[in-house]
Structure formats: C-alpha cells, structure tokens
Amino acid sequence: MSRSTAPDVGIITTGHDVADARLHKITAALQHRDLSVELWGLGDADGGPEGAVVHAGPRGNLVQRLARTAVLPWRTKAKVVMTVDPDMIPFTRLVTALRRRKFVVDVHEDYERLLADRAWAQGPAGLPARLIVRAGSKLAAGADLTVVADSHLAPHQAKHRIVVQNLPNRGFLAPSPPTGAPRAVYVGDLRRSRGLFDMVETVAAAPDWSLDLVGPVAPSDRDELEARIAQPDLTGRVRLHGRQPPADAWQLTKGAWASLAMLQPTPAFVEAMPSKIYEYLASGLPVLSTRLPRQTKVIEESGGGVLVDSVAEASETLRRWSADPGELEKLRDHALQWAADHLPTNTPYDDLADAILKLLKDPASLKGRA
C-alpha cells in the first residue's frame with residue numbers, strides 16, 4: 001500500500017497491543033478479502049499482523065492514553081475506521097461522522113463486568129471508567145456496524161449488529177503430538193483472577209511437570225509471580241514467555257502434553273467462553289479446567305479434558321496423567337475429533353470481513369442486519 005493510497009480499514013486502539021490475537025484474526029480475514037489494513041496500537045510494530053501497515057508505541061500513562069484517544073481517529077486515513085476500545089467510541093464516532101467515514105465498533109468483552117474484576121475501578125476512583133463504558137455501549141449501537149464477540153454482550157439492539165465469536169484461526173495453531181517430559185501450557189493474559197497462581201501451584205505439586213506461560217503478566221502480579229517461581233520447588237519448571245503474536249504463541253505449545261484454563265468465577269468470567277478452550281481442543285491439547293459454566297459444557301461435550309474444583313485436584317490429575325499417558329491419548333483424540341466436527345473452517349471473522357467489504361462497496365447493503 002503506497003502512502004498516497006488510503007487503506008480500506010484502519011483499526012485504532014489505545015489499550016491493545018498490536019500482537020493481540022483478535023486483532024491478528026480480524027486482519028487476516030480482511031486481507032483474505034484483499035482489503036488493505038492499517039493498525040494503530042501498542043507494543044512493538046514487529047508483533048503486528050503480517051501485511052498490515054502497523055504503527056505501535058508504548059502504553060504510557062492515563063493522560064497519554066486520553067491524548068491518543070483524541071488523536072488516533074484523525075491519524076488514520078482509512079475508508080472504514082474500527083475501534084476495539086470503549087473509551088475510543090465517543091470521539092471516533094464524532095470524527096468519522098465529520099469526515100464521512102464508516103465506523104465499526106468491536107465489543108469483544110463485557111466491559112462493565114470486567115471493571116468489577118479490577119481493584120482500581122472500584123469506588124469513586126473508578127466512576128469515570130464505568131461512565132465511559134456505559135456511554136460507549138450506547139454509542140456503539142449507532143455505529144455503521146456493531147460487532148460483539150458473544151450474543152450476551154451489549155448492545156443487544158444496534159443499527160447493524162453481528163456476532164463474531166472468538167473461534168480459532170487454524171492457520172495460527174501448531175497441533176503436534178506430545179514429546180519429551182510432561183509439560184503443560186497456558187496461552188493468554190496472566191493475572192490472579194485468570195488462575196495464574198493456581199496454575200503455578202498446580203505444577204508445584206506435580207513435580208514431574210513443567211509449565212510454559214505464554215502471555216503478558218499483570219503488573220500487579222509480576223513481583224509475586226517471579227518470587228514464587230524462583231523458589232526451590234519450582235526453579236526452572238515455570239517459564240515466562242511474555243506476549244507473543246498468535247502464530248509464535250502457538251508454536252511454543254508444540255510437543256506439550258496438556259493445557260490449563262483455571263479461570264476464577266469472577267463476574268467477567270462466569271458467562272464468558274475463553275477462546276483458548278477452542279484453540280486447545282483444535283491443537284489436540286487435553287484441557288485441565290475449572291468448572292465455569294460454558295467451559296464445563298464444551299469440555300464435557302467434547303470429552304477433551306478434565307474439570308477440577310481445586311488446585312489439589314488439578315495437581316493430582318497431572319500426576320495421574322504422567323503416570324498413565326494412555327488417558328491423555330484418549331483425551332487428545334476426543335479433542336481433535338470434536339474440533340473437526342464443531343469448529344467451522346469458515347470463521348466468524350470471515351463473516352465480519354464480508355460485512356465490511358459490503359460496507360465499502362455498498363453501504364446500503366447492510367440494511368436490516370441484526
């Protein structure tokens with residue numbers, strides 16, 4: 001794409017790293033429709049989607065984020081502007097209206113419930129964030145296209161609303177049989193409420209096992225985590241890989257014996273369905289999971305994992321698996337078969353790309369979508 005040519009789609013974010021998996025999946029689907037993509041976000045530009053024009057920078061402080069919220073909608077020259085942050089919706093909607101650009105909003109989390117899981121967002125200090133989220137949800141309903149990652153997410157009524165469930169892009173995955181010593185993996189954001197310390201203690205009590213953690217660690221948990229994994233019972237057995245672009249992240253799972261998903265029952269997670277469960281199953285990685293409702297349904301239906309209620313039960317399961325790998329082989333077969341039967345080749349991201357393509361070609365063609 002030359003500098004003089006406006007990109008078809010500009011994705012702008014003040015809160016997401018350009019290595020974020022959903023951004024990569026969206027971009028890949030758009031590029032598959034021969035649409036050019038420009039991405040403005042955080043982190044290292046080298047971690048952005050291949051083939052896109054990527055602009056990335058440091059996270060910065062709150063004042064800097066607010067400044068970017070005002071500036072980024074003017075920076076992109078794209079014909080369709082898409083944002084994935086609730087705080088960017090009000091200003092981006094205004095700017096796209098003034099510039100006669102099409103506006104797409106991606107609501108991929110229950111932001112109000114997510115704030116309930118963040119200590120900084122409680123009480124008077126968190127009131128501005130809560131107000132922004134509520135205002136963003138209302139304004140998202142009036143976008144040219146409103147994308148939600150799950151049917152239960154607001155806004156439930158919108159001008160044009162489609163559900164783009166966070167299913168795997170198989171091109172990023174690296175399924176392979178288990179090799180070497182027993183090893184578990186986790187791919188995704190890392191914090192206490194996502195089971196970070198439960199996973200670590202599970203492996204601590206299963207001495208045959210090691211653990212690869214692939215994803216960014218919440219700053220509030222990093223010091224405690226590093227101190228814990230440096231203790232003698234875990235030295236060298238828990239490896240931190242940090243945030244990785246999705247294809248690189250899943251390469252790190254090759255040869256692993258099992259996967260972990262030990263989310264706690266917080267308001268944000270009780271109704272959620274983590275995309276990693278689908279990705280684990282499609283990778284043939286037996287899942288050791290806490291008993292949250294939607295995770296439970298998929299794991300029981302697939303037969304590709306085991307549900308546990310405690311760290312003690314989880315570590316006992318790992319010890320059983322290393323003593324009898326035959327059980328893992330059966331779980332792996334069930335996981336791969338279920339994924340083949342239930343996860344479509346044509347993903348919801350392709351449906352999103354088709355909707356944006358129609359918006360570019362004929363804005364009136366989206367009329368009536370719900």
# chains A, B, ... in the order shown; residues from 1 in each chain; ligands from 1
>>> residues_around(residues="Ala141 of chain A", least_positions_apart="3", cutoff="9 Å", atoms="only C-alpha atoms", output="number ranges by chain")
A: 105, 136-138, 144-146, 154-161
>>> residues_around(residues="segment 211-222 of chain A", least_positions_apart="2", cutoff="8 Å", atoms="only C-alpha atoms", output="CSV table (one decimal) with all heavy atoms, in the first residue's frame")
chain,number,residue,atom,x,y,z
A,183,ARG,N,4.7,-31.7,30.1
A,183,ARG,CA,4.7,-30.2,30.0
A,183,ARG,C,3.3,-29.7,29.8
A,183,ARG,O,2.6,-30.2,28.9
A,183,ARG,CB,5.6,-29.7,28.9
A,183,ARG,CG,5.7,-28.2,28.8
A,183,ARG,CD,6.9,-27.8,27.8
A,183,ARG,NE,6.7,-28.3,26.5
A,183,ARG,CZ,6.2,-27.5,25.5
A,183,ARG,NH1,5.8,-26.2,25.8
A,183,ARG,NH2,6.0,-27.9,24.3
A,184,ALA,N,2.9,-28.7,30.6
A,184,ALA,CA,1.6,-28.1,30.4
A,184,ALA,C,1.8,-26.7,29.9
A,184,ALA,O,2.9,-26.1,30.0
A,184,ALA,CB,0.8,-28.0,31.7
A,185,VAL,N,0.8,-26.1,29.2
A,185,VAL,CA,0.9,-24.8,28.6
A,185,VAL,C,-0.4,-24.0,28.9
A,185,VAL,O,-1.5,-24.5,29.1
A,185,VAL,CB,1.1,-24.8,27.1
A,185,VAL,CG1,2.4,-25.5,26.7
A,185,VAL,CG2,-0.1,-25.6,26.4
A,186,TYR,N,-0.2,-22.7,29.0
A,186,TYR,CA,-1.3,-21.7,29.1
A,186,TYR,C,-1.0,-20.6,28.1
A,186,TYR,O,0.2,-20.1,28.1
A,186,TYR,CB,-1.4,-21.2,30.5
A,186,TYR,CG,-2.4,-20.0,30.6
A,186,TYR,CD1,-3.8,-20.3,30.8
A,186,TYR,CD2,-2.0,-18.7,30.3
A,186,TYR,CE1,-4.7,-19.2,30.9
A,186,TYR,CE2,-2.9,-17.6,30.4
A,186,TYR,CZ,-4.2,-17.9,30.7
A,186,TYR,OH,-5.1,-16.9,30.7
A,187,VAL,N,-2.0,-20.2,27.3
A,187,VAL,CA,-1.8,-19.1,26.3
A,187,VAL,C,-2.9,-18.0,26.6
A,187,VAL,O,-4.1,-18.3,26.5
A,187,VAL,CB,-1.9,-19.6,24.9
A,187,VAL,CG1,-1.7,-18.4,23.9
A,187,VAL,CG2,-0.9,-20.7,24.6
A,188,GLY,N,-2.4,-16.8,26.9
A,188,GLY,CA,-3.4,-15.8,27.2
A,188,GLY,C,-2.9,-14.8,28.3
A,188,GLY,O,-1.8,-15.0,28.8
A,189,ASP,N,-3.7,-13.8,28.6
A,189,ASP,CA,-3.4,-12.9,29.6
A,189,ASP,C,-3.2,-13.6,31.0
A,189,ASP,O,-4.0,-14.5,31.3
A,189,ASP,CB,-4.4,-11.8,29.7
A,189,ASP,CG,-4.4,-10.8,28.5
A,189,ASP,OD1,-3.5,-10.9,27.7
A,189,ASP,OD2,-5.3,-10.0,28.4
A,190,LEU,N,-2.3,-13.1,31.8
A,190,LEU,CA,-2.0,-13.7,33.0
A,190,LEU,C,-2.2,-12.8,34.2
A,190,LEU,O,-1.6,-11.7,34.3
A,190,LEU,CB,-0.5,-14.2,33.0
A,190,LEU,CG,-0.2,-15.4,32.1
A,190,LEU,CD1,1.3,-15.3,31.6
A,190,LEU,CD2,-0.5,-16.7,32.7
A,191,ARG,N,-3.1,-13.2,35.1
A,191,ARG,CA,-3.3,-12.5,36.3
A,191,ARG,C,-4.0,-13.4,37.3
A,191,ARG,O,-4.4,-14.5,36.9
A,191,ARG,CB,-4.2,-11.2,36.1
A,191,ARG,CG,-5.6,-11.5,35.6
A,191,ARG,CD,-6.4,-10.2,35.5
A,191,ARG,NE,-5.9,-9.3,34.5
A,191,ARG,CZ,-5.4,-8.1,34.9
A,191,ARG,NH1,-5.5,-7.7,36.2
A,191,ARG,NH2,-4.9,-7.2,34.0
A,192,ARG,N,-4.1,-13.0,38.5
A,192,ARG,CA,-4.6,-13.9,39.6
A,192,ARG,C,-6.0,-14.4,39.2
A,192,ARG,O,-6.3,-15.6,39.4
A,192,ARG,CB,-4.6,-13.1,40.9
A,192,ARG,CG,-5.0,-14.0,42.1
A,192,ARG,CD,-5.0,-13.2,43.4
A,192,ARG,NE,-3.7,-12.6,43.6
A,192,ARG,CZ,-2.7,-13.3,44.3
A,192,ARG,NH1,-2.9,-14.5,44.7
A,192,ARG,NH2,-1.6,-12.7,44.5
A,200,VAL,N,0.3,-22.2,38.8
A,200,VAL,CA,1.7,-22.3,39.3
A,200,VAL,C,1.7,-23.3,40.4
A,200,VAL,O,2.6,-24.2,40.5
A,200,VAL,CB,2.3,-21.0,39.7
A,200,VAL,CG1,3.6,-21.2,40.5
A,200,VAL,CG2,2.5,-20.1,38.5
A,203,VAL,N,1.3,-27.0,39.3
A,203,VAL,CA,2.5,-27.6,38.8
A,203,VAL,C,3.5,-27.8,39.9
A,203,VAL,O,4.3,-28.8,39.9
A,203,VAL,CB,3.1,-26.7,37.7
A,203,VAL,CG1,4.5,-27.2,37.3
A,203,VAL,CG2,2.2,-26.8,36.4
A,209,TRP,N,6.1,-32.4,36.2
A,209,TRP,CA,5.6,-31.5,35.2
A,209,TRP,C,6.4,-30.1,35.2
A,209,TRP,O,6.9,-29.7,36.2
A,209,TRP,CB,4.2,-31.2,35.4
A,209,TRP,CG,3.3,-32.4,35.0
A,209,TRP,CD1,3.1,-33.5,35.7
A,209,TRP,CD2,2.5,-32.5,33.8
A,209,TRP,NE1,2.3,-34.4,35.1
A,209,TRP,CE2,1.9,-33.8,33.9
A,209,TRP,CE3,2.3,-31.7,32.7
A,209,TRP,CZ2,1.0,-34.2,32.9
A,209,TRP,CZ3,1.4,-32.1,31.7
A,209,TRP,CH2,0.8,-33.4,31.8
A,224,GLU,N,5.2,-10.9,42.7
A,224,GLU,CA,4.9,-12.1,43.4
A,224,GLU,C,5.1,-13.4,42.6
A,224,GLU,O,5.6,-14.4,43.1
A,224,GLU,CB,3.4,-12.1,43.9
A,224,GLU,CG,3.0,-13.3,44.7
A,224,GLU,CD,1.5,-13.2,45.2
A,224,GLU,OE1,0.9,-12.1,45.0
A,224,GLU,OE2,1.0,-14.2,45.7
A,225,LEU,N,4.8,-13.3,41.3
A,225,LEU,CA,5.0,-14.5,40.5
A,225,LEU,C,6.5,-14.8,40.3
A,225,LEU,O,6.9,-16.0,40.5
A,225,LEU,CB,4.4,-14.2,39.1
A,225,LEU,CG,4.7,-15.3,38.0
A,225,LEU,CD1,4.0,-16.6,38.4
A,225,LEU,CD2,4.2,-14.8,36.6
A,226,GLU,N,7.3,-13.8,40.1
A,226,GLU,CA,8.7,-14.1,39.9
A,226,GLU,C,9.4,-14.6,41.2
A,226,GLU,O,10.2,-15.5,41.1
A,226,GLU,CB,9.4,-12.8,39.4
A,226,GLU,CG,9.0,-12.4,38.0
A,226,GLU,CD,9.7,-11.1,37.5
A,226,GLU,OE1,10.3,-10.4,38.4
A,226,GLU,OE2,9.6,-10.8,36.3
A,237,ARG,N,11.1,-24.8,36.4
A,237,ARG,CA,9.9,-25.6,35.9
A,237,ARG,C,8.8,-24.7,35.4
A,237,ARG,O,7.9,-25.2,34.7
A,237,ARG,CB,9.4,-26.5,37.0
A,237,ARG,CG,10.4,-27.6,37.3
A,237,ARG,CD,9.6,-28.8,37.9
A,237,ARG,NE,9.1,-28.5,39.3
A,237,ARG,CZ,7.8,-28.8,39.6
A,237,ARG,NH1,6.9,-29.2,38.7
A,237,ARG,NH2,7.4,-28.5,40.8
A,238,VAL,N,8.8,-23.4,35.6
A,238,VAL,CA,7.8,-22.5,35.1
A,238,VAL,C,8.6,-21.4,34.3
A,238,VAL,O,9.4,-20.7,34.7
A,238,VAL,CB,7.0,-21.8,36.2
A,238,VAL,CG1,6.0,-20.8,35.6
A,238,VAL,CG2,6.3,-22.8,37.1
A,239,ARG,N,8.2,-21.4,33.0
A,239,ARG,CA,8.9,-20.5,32.0
A,239,ARG,C,7.9,-19.4,31.6
A,239,ARG,O,6.8,-19.7,31.2
A,239,ARG,CB,9.4,-21.3,30.9
A,239,ARG,CG,10.5,-22.3,31.2
A,239,ARG,CD,10.8,-23.2,30.1
A,239,ARG,NE,9.8,-24.2,29.8
A,239,ARG,CZ,9.7,-25.3,30.5
A,239,ARG,NH1,10.6,-25.7,31.4
A,239,ARG,NH2,8.7,-26.2,30.2
A,240,LEU,N,8.3,-18.1,31.6
A,240,LEU,CA,7.5,-17.0,31.2
A,240,LEU,C,8.0,-16.6,29.8
A,240,LEU,O,9.2,-16.2,29.6
A,240,LEU,CB,7.7,-15.8,32.2
A,240,LEU,CG,7.3,-16.1,33.7
A,240,LEU,CD1,7.6,-14.9,34.5
A,240,LEU,CD2,5.9,-16.6,33.8
A,241,HIS,N,7.1,-16.5,28.9
A,241,HIS,CA,7.4,-16.2,27.5
A,241,HIS,C,6.9,-14.8,27.1
A,241,HIS,O,7.2,-14.3,26.0
A,241,HIS,CB,6.8,-17.2,26.5
A,241,HIS,CG,7.4,-18.6,26.8
A,241,HIS,ND1,8.6,-19.0,26.2
A,241,HIS,CD2,7.0,-19.6,27.5
A,241,HIS,CE1,8.9,-20.2,26.6
A,241,HIS,NE2,7.9,-20.6,27.3
A,242,GLY,N,6.1,-14.1,28.0
A,242,GLY,CA,5.6,-12.8,27.6
A,242,GLY,C,4.6,-12.9,26.5
A,242,GLY,O,4.2,-13.9,26.0
A,243,ARG,N,4.1,-11.7,26.1
A,243,ARG,CA,3.2,-11.6,25.0
A,243,ARG,C,3.9,-12.0,23.6
A,243,ARG,O,5.0,-11.5,23.4
A,243,ARG,CB,2.6,-10.2,24.9
A,243,ARG,CG,1.5,-10.0,23.8
A,243,ARG,CD,1.2,-8.6,23.6
A,243,ARG,NE,0.6,-7.9,24.7
A,243,ARG,CZ,-0.7,-8.0,25.1
A,243,ARG,NH1,-1.5,-8.7,24.4
A,243,ARG,NH2,-1.1,-7.3,26.2
A,244,GLN,N,3.2,-12.8,22.8
A,244,GLN,CA,3.7,-13.2,21.6
A,244,GLN,C,2.6,-13.0,20.5
A,244,GLN,O,1.4,-13.2,20.8
A,244,GLN,CB,4.1,-14.7,21.6
A,244,GLN,CG,5.1,-15.0,22.6
A,244,GLN,CD,6.5,-14.5,22.2
A,244,GLN,OE1,6.8,-14.4,21.0
A,244,GLN,NE2,7.4,-14.3,23.2
A,249,ALA,N,3.0,-17.7,19.5
A,249,ALA,CA,2.5,-18.2,20.8
A,249,ALA,C,2.2,-19.7,20.7
A,249,ALA,O,2.6,-20.5,21.5
A,249,ALA,CB,1.3,-17.4,21.2
A,252,LEU,N,5.0,-22.3,20.5
A,252,LEU,CA,5.5,-22.6,21.9
A,252,LEU,C,4.7,-23.8,22.5
A,252,LEU,O,5.2,-24.4,23.5
A,252,LEU,CB,5.5,-21.4,22.8
A,252,LEU,CG,6.5,-20.3,22.4
A,252,LEU,CD1,6.2,-19.0,23.2
A,252,LEU,CD2,7.9,-20.8,22.7
>>> select_by_dssp(residues="segment 194-243 of chain A", states="alpha helix (DSSP H)", output="PyMOL selection string")
chain A and resi 196-204+219-229
>>> write_last_selection(atoms="N, CA and C atoms", output="PDB file, in the first residue's frame")
ATOM      1  N   LEU A 196      -3.671 -17.562  37.445  1.00  0.00           N
ATOM      2  CA  LEU A 196      -2.223 -17.562  37.341  1.00  0.00           C
ATOM      3  C   LEU A 196      -1.562 -18.336  38.475  1.00  0.00           C
ATOM      4  N   PHE A 197      -1.856 -17.984  39.719  1.00  0.00           N
ATOM      5  CA  PHE A 197      -1.186 -18.628  40.845  1.00  0.00           C
ATOM      6  C   PHE A 197      -1.726 -20.036  41.096  1.00  0.00           C
ATOM      7  N   ASP A 198      -2.972 -20.294  40.720  1.00  0.00           N
ATOM      8  CA  ASP A 198      -3.493 -21.656  40.814  1.00  0.00           C
ATOM      9  C   ASP A 198      -2.745 -22.586  39.861  1.00  0.00           C
ATOM     10  N   MET A 199      -2.447 -22.089  38.660  1.00  0.00           N
ATOM     11  CA  MET A 199      -1.693 -22.907  37.706  1.00  0.00           C
ATOM     12  C   MET A 199      -0.290 -23.187  38.220  1.00  0.00           C
ATOM     13  N   VAL A 200       0.338 -22.167  38.775  1.00  0.00           N
ATOM     14  CA  VAL A 200       1.697 -22.336  39.290  1.00  0.00           C
ATOM     15  C   VAL A 200       1.721 -23.344  40.425  1.00  0.00           C
ATOM     16  N   GLU A 201       0.771 -23.240  41.358  1.00  0.00           N
ATOM     17  CA  GLU A 201       0.740 -24.165  42.488  1.00  0.00           C
ATOM     18  C   GLU A 201       0.358 -25.578  42.052  1.00  0.00           C
ATOM     19  N   THR A 202      -0.455 -25.676  41.014  1.00  0.00           N
ATOM     20  CA  THR A 202      -0.793 -26.997  40.475  1.00  0.00           C
ATOM     21  C   THR A 202       0.464 -27.721  40.001  1.00  0.00           C
ATOM     22  N   VAL A 203       1.312 -27.019  39.268  1.00  0.00           N
ATOM     23  CA  VAL A 203       2.548 -27.622  38.766  1.00  0.00           C
ATOM     24  C   VAL A 203       3.541 -27.847  39.907  1.00  0.00           C
ATOM     25  N   ALA A 204       3.539 -26.960  40.895  1.00  0.00           N
ATOM     26  CA  ALA A 204       4.450 -27.138  42.036  1.00  0.00           C
ATOM     27  C   ALA A 204       4.196 -28.461  42.738  1.00  0.00           C
ATOM     28  N   PRO A 219       0.894  -6.288  35.791  1.00  0.00           N
ATOM     29  CA  PRO A 219       1.945  -5.660  36.605  1.00  0.00           C
ATOM     30  C   PRO A 219       1.754  -5.880  38.105  1.00  0.00           C
ATOM     31  N   SER A 220       0.509  -5.923  38.564  1.00  0.00           N
ATOM     32  CA  SER A 220       0.249  -6.092  39.991  1.00  0.00           C
ATOM     33  C   SER A 220       0.619  -7.482  40.497  1.00  0.00           C
ATOM     34  N   ASP A 221       0.780  -8.440  39.593  1.00  0.00           N
ATOM     35  CA  ASP A 221       1.092  -9.822  39.984  1.00  0.00           C
ATOM     36  C   ASP A 221       2.530 -10.236  39.671  1.00  0.00           C
ATOM     37  N   ARG A 222       3.247  -9.416  38.927  1.00  0.00           N
ATOM     38  CA  ARG A 222       4.554  -9.858  38.413  1.00  0.00           C
ATOM     39  C   ARG A 222       5.562 -10.144  39.524  1.00  0.00           C
ATOM     40  N   ASP A 223       5.717  -9.237  40.487  1.00  0.00           N
ATOM     41  CA  ASP A 223       6.735  -9.430  41.525  1.00  0.00           C
ATOM     42  C   ASP A 223       6.475 -10.705  42.319  1.00  0.00           C
ATOM     43  N   GLU A 224       5.208 -10.918  42.692  1.00  0.00           N
ATOM     44  CA  GLU A 224       4.868 -12.126  43.449  1.00  0.00           C
ATOM     45  C   GLU A 224       5.114 -13.374  42.616  1.00  0.00           C
ATOM     46  N   LEU A 225       4.784 -13.316  41.341  1.00  0.00           N
ATOM     47  CA  LEU A 225       4.984 -14.475  40.467  1.00  0.00           C
ATOM     48  C   LEU A 225       6.472 -14.800  40.340  1.00  0.00           C
ATOM     49  N   GLU A 226       7.283 -13.801  40.076  1.00  0.00           N
ATOM     50  CA  GLU A 226       8.711 -14.055  39.884  1.00  0.00           C
ATOM     51  C   GLU A 226       9.353 -14.589  41.156  1.00  0.00           C
ATOM     52  N   ALA A 227       8.912 -14.085  42.311  1.00  0.00           N
ATOM     53  CA  ALA A 227       9.441 -14.596  43.578  1.00  0.00           C
ATOM     54  C   ALA A 227       9.034 -16.049  43.789  1.00  0.00           C
ATOM     55  N   ARG A 228       7.793 -16.384  43.427  1.00  0.00           N
ATOM     56  CA  ARG A 228       7.310 -17.761  43.645  1.00  0.00           C
ATOM     57  C   ARG A 228       8.017 -18.756  42.746  1.00  0.00           C
ATOM     58  N   ILE A 229       8.180 -18.445  41.469  1.00  0.00           N
ATOM     59  CA  ILE A 229       8.759 -19.448  40.567  1.00  0.00           C
ATOM     60  C   ILE A 229      10.268 -19.562  40.742  1.00  0.00           C
TER      61      ILE A 229
END
>>> closest_atom_pairs(of="segment 51-90 of chain A", to="segment 29-34 of chain A", cutoff="12 Å", atoms="only C-alpha atoms", output="JSON lines")
{"residue": "A:Gly51", "atom": "CA", "partner": "A:Gln31", "partner_atom": "CA", "distance": 8.1}
{"residue": "A:Ala52", "atom": "CA", "partner": "A:Gln31", "partner_atom": "CA", "distance": 8.5}
{"residue": "A:Val53", "atom": "CA", "partner": "A:Gln31", "partner_atom": "CA", "distance": 11.8}
{"residue": "A:Val80", "atom": "CA", "partner": "A:Leu30", "partner_atom": "CA", "distance": 11.7}
>>> write_last_selection(atoms="N, CA, C and O atoms", output="JSON list (two decimals), in the first residue's frame")
[["chain", "number", "residue", "atom", "x", "y", "z"],
["A", 51, "GLY", "N", 1.69, -8.07, 6.78],
["A", 51, "GLY", "CA", 1.00, -7.49, 5.63],
["A", 51, "GLY", "C", 0.23, -6.22, 5.92],
["A", 51, "GLY", "O", -0.18, -5.52, 4.98],
["A", 52, "ALA", "N", 0.02, -5.90, 7.19],
["A", 52, "ALA", "CA", -0.66, -4.66, 7.56],
["A", 52, "ALA", "C", 0.37, -3.56, 7.77],
["A", 52, "ALA", "O", 1.54, -3.83, 8.04],
["A", 53, "VAL", "N", -0.07, -2.31, 7.63],
["A", 53, "VAL", "CA", 0.76, -1.17, 7.99],
["A", 53, "VAL", "C", 0.54, -0.95, 9.49],
["A", 53, "VAL", "O", -0.57, -0.63, 9.91],
["A", 80, "VAL", "N", -12.83, 2.83, 6.22],
["A", 80, "VAL", "CA", -13.60, 2.29, 7.34],
["A", 80, "VAL", "C", -12.71, 2.32, 8.57],
["A", 80, "VAL", "O", -11.57, 1.83, 8.53]]
>>> residues_around(residues="Gly10 of chain A", least_positions_apart="2", cutoff="9 Å", atoms="only C-alpha atoms", output="number ranges by chain")
A: 7-8, 12, 36-40, 76-83
>>> select_by_dssp(residues="segment 271-330 of chain A", states="strand (DSSP E)", output="number ranges by chain")
A: 287-290, 305-308
>>> residues_around(residues="segment 297-299 of chain A", least_positions_apart="2", cutoff="10 Å", atoms="only C-alpha atoms", output="list of chain:residue names")
A:Met273, A:Ile277, A:Tyr278, A:Leu281, A:Pro286, A:Val287, A:Leu288, A:Ser289, A:Arg291, A:Leu292, A:Pro293, A:Arg294, A:Gln295, A:Glu301, A:Ser302, A:Gly303, A:Gly304, A:Gly305, A:Val306, A:Leu307, A:His334, A:Ala335, A:Trp338
>>> closest_residue(among="A:Val148, A:Ala21, A:Ile356, A:Leu153", to="Gln165 of chain A", atoms="only C-alpha atoms")
A:Val148
>>> closest_residue(among="A:Arg320, A:Arg170, A:Lys254, A:Arg332", to="Gly284 of chain A", atoms="only C-alpha atoms")
A:Arg332
>>> atom_distance(atom1="atom CA of Ala6 of chain A", atom2="atom CA of Asp350 of chain A")
22.2 Å
>>> residues_around(residues="His108 of chain A", least_positions_apart="2", cutoff="10 Å", atoms="only C-alpha atoms", output="PyMOL selection string")
chain A and resi 22+84-85+105-106+110-111+147-150+153-154+163-166
>>> atom_distance(atom1="atom CA of Glu329 of chain A", atom2="atom CA of Pro182 of chain A")
13.0 Å
>>> atom_distance(atom1="atom CA of Thr290 of chain A", atom2="atom CA of Lys276 of chain A")
13.3 Å
>>> closest_residue(among="A:Ile162, A:Val9, A:Ala256, A:Ala19", to="Asp46 of chain A", atoms="only C-alpha atoms")
A:Ala19
>>> residues_around(residues="Ser176 of chain A", least_positions_apart="2", cutoff="9 Å", atoms="only C-alpha atoms", output="compact mmCIF listing (two decimals) with N, CA and C atoms, in the first residue's frame")
# COMPACT_ATOMS: atom_id res chain seq x y z
N ALA A 174 -0.58 -24.85 15.97
CA ALA A 174 0.52 -25.76 15.63
C ALA A 174 0.30 -27.11 16.32
N PRO A 178 2.40 -35.10 21.79
CA PRO A 178 3.27 -34.77 22.93
C PRO A 178 4.65 -35.39 22.78
N THR A 179 5.66 -34.64 23.22
CA THR A 179 7.03 -35.13 23.17
C THR A 179 7.74 -34.76 24.46
N THR A 253 3.57 -24.12 21.99
CA THR A 253 2.79 -25.23 22.56
C THR A 253 3.15 -26.57 21.92
N LYS A 254 3.92 -26.57 20.86
CA LYS A 254 4.24 -27.82 20.17
C LYS A 254 4.93 -28.79 21.13
N GLY A 255 4.46 -30.01 21.15
CA GLY A 255 5.04 -31.04 21.99
C GLY A 255 4.52 -31.05 23.42
N ALA A 256 3.67 -30.09 23.79
CA ALA A 256 3.12 -30.07 25.15
C ALA A 256 2.18 -31.25 25.36
N SER A 283 -5.91 -27.86 18.87
CA SER A 283 -4.49 -28.21 18.86
C SER A 283 -4.23 -29.61 19.41
N GLY A 284 -5.29 -30.29 19.84
CA GLY A 284 -5.12 -31.62 20.41
C GLY A 284 -4.49 -31.59 21.79
N LEU A 285 -4.71 -30.51 22.53
CA LEU A 285 -4.16 -30.39 23.88
C LEU A 285 -5.25 -30.65 24.91
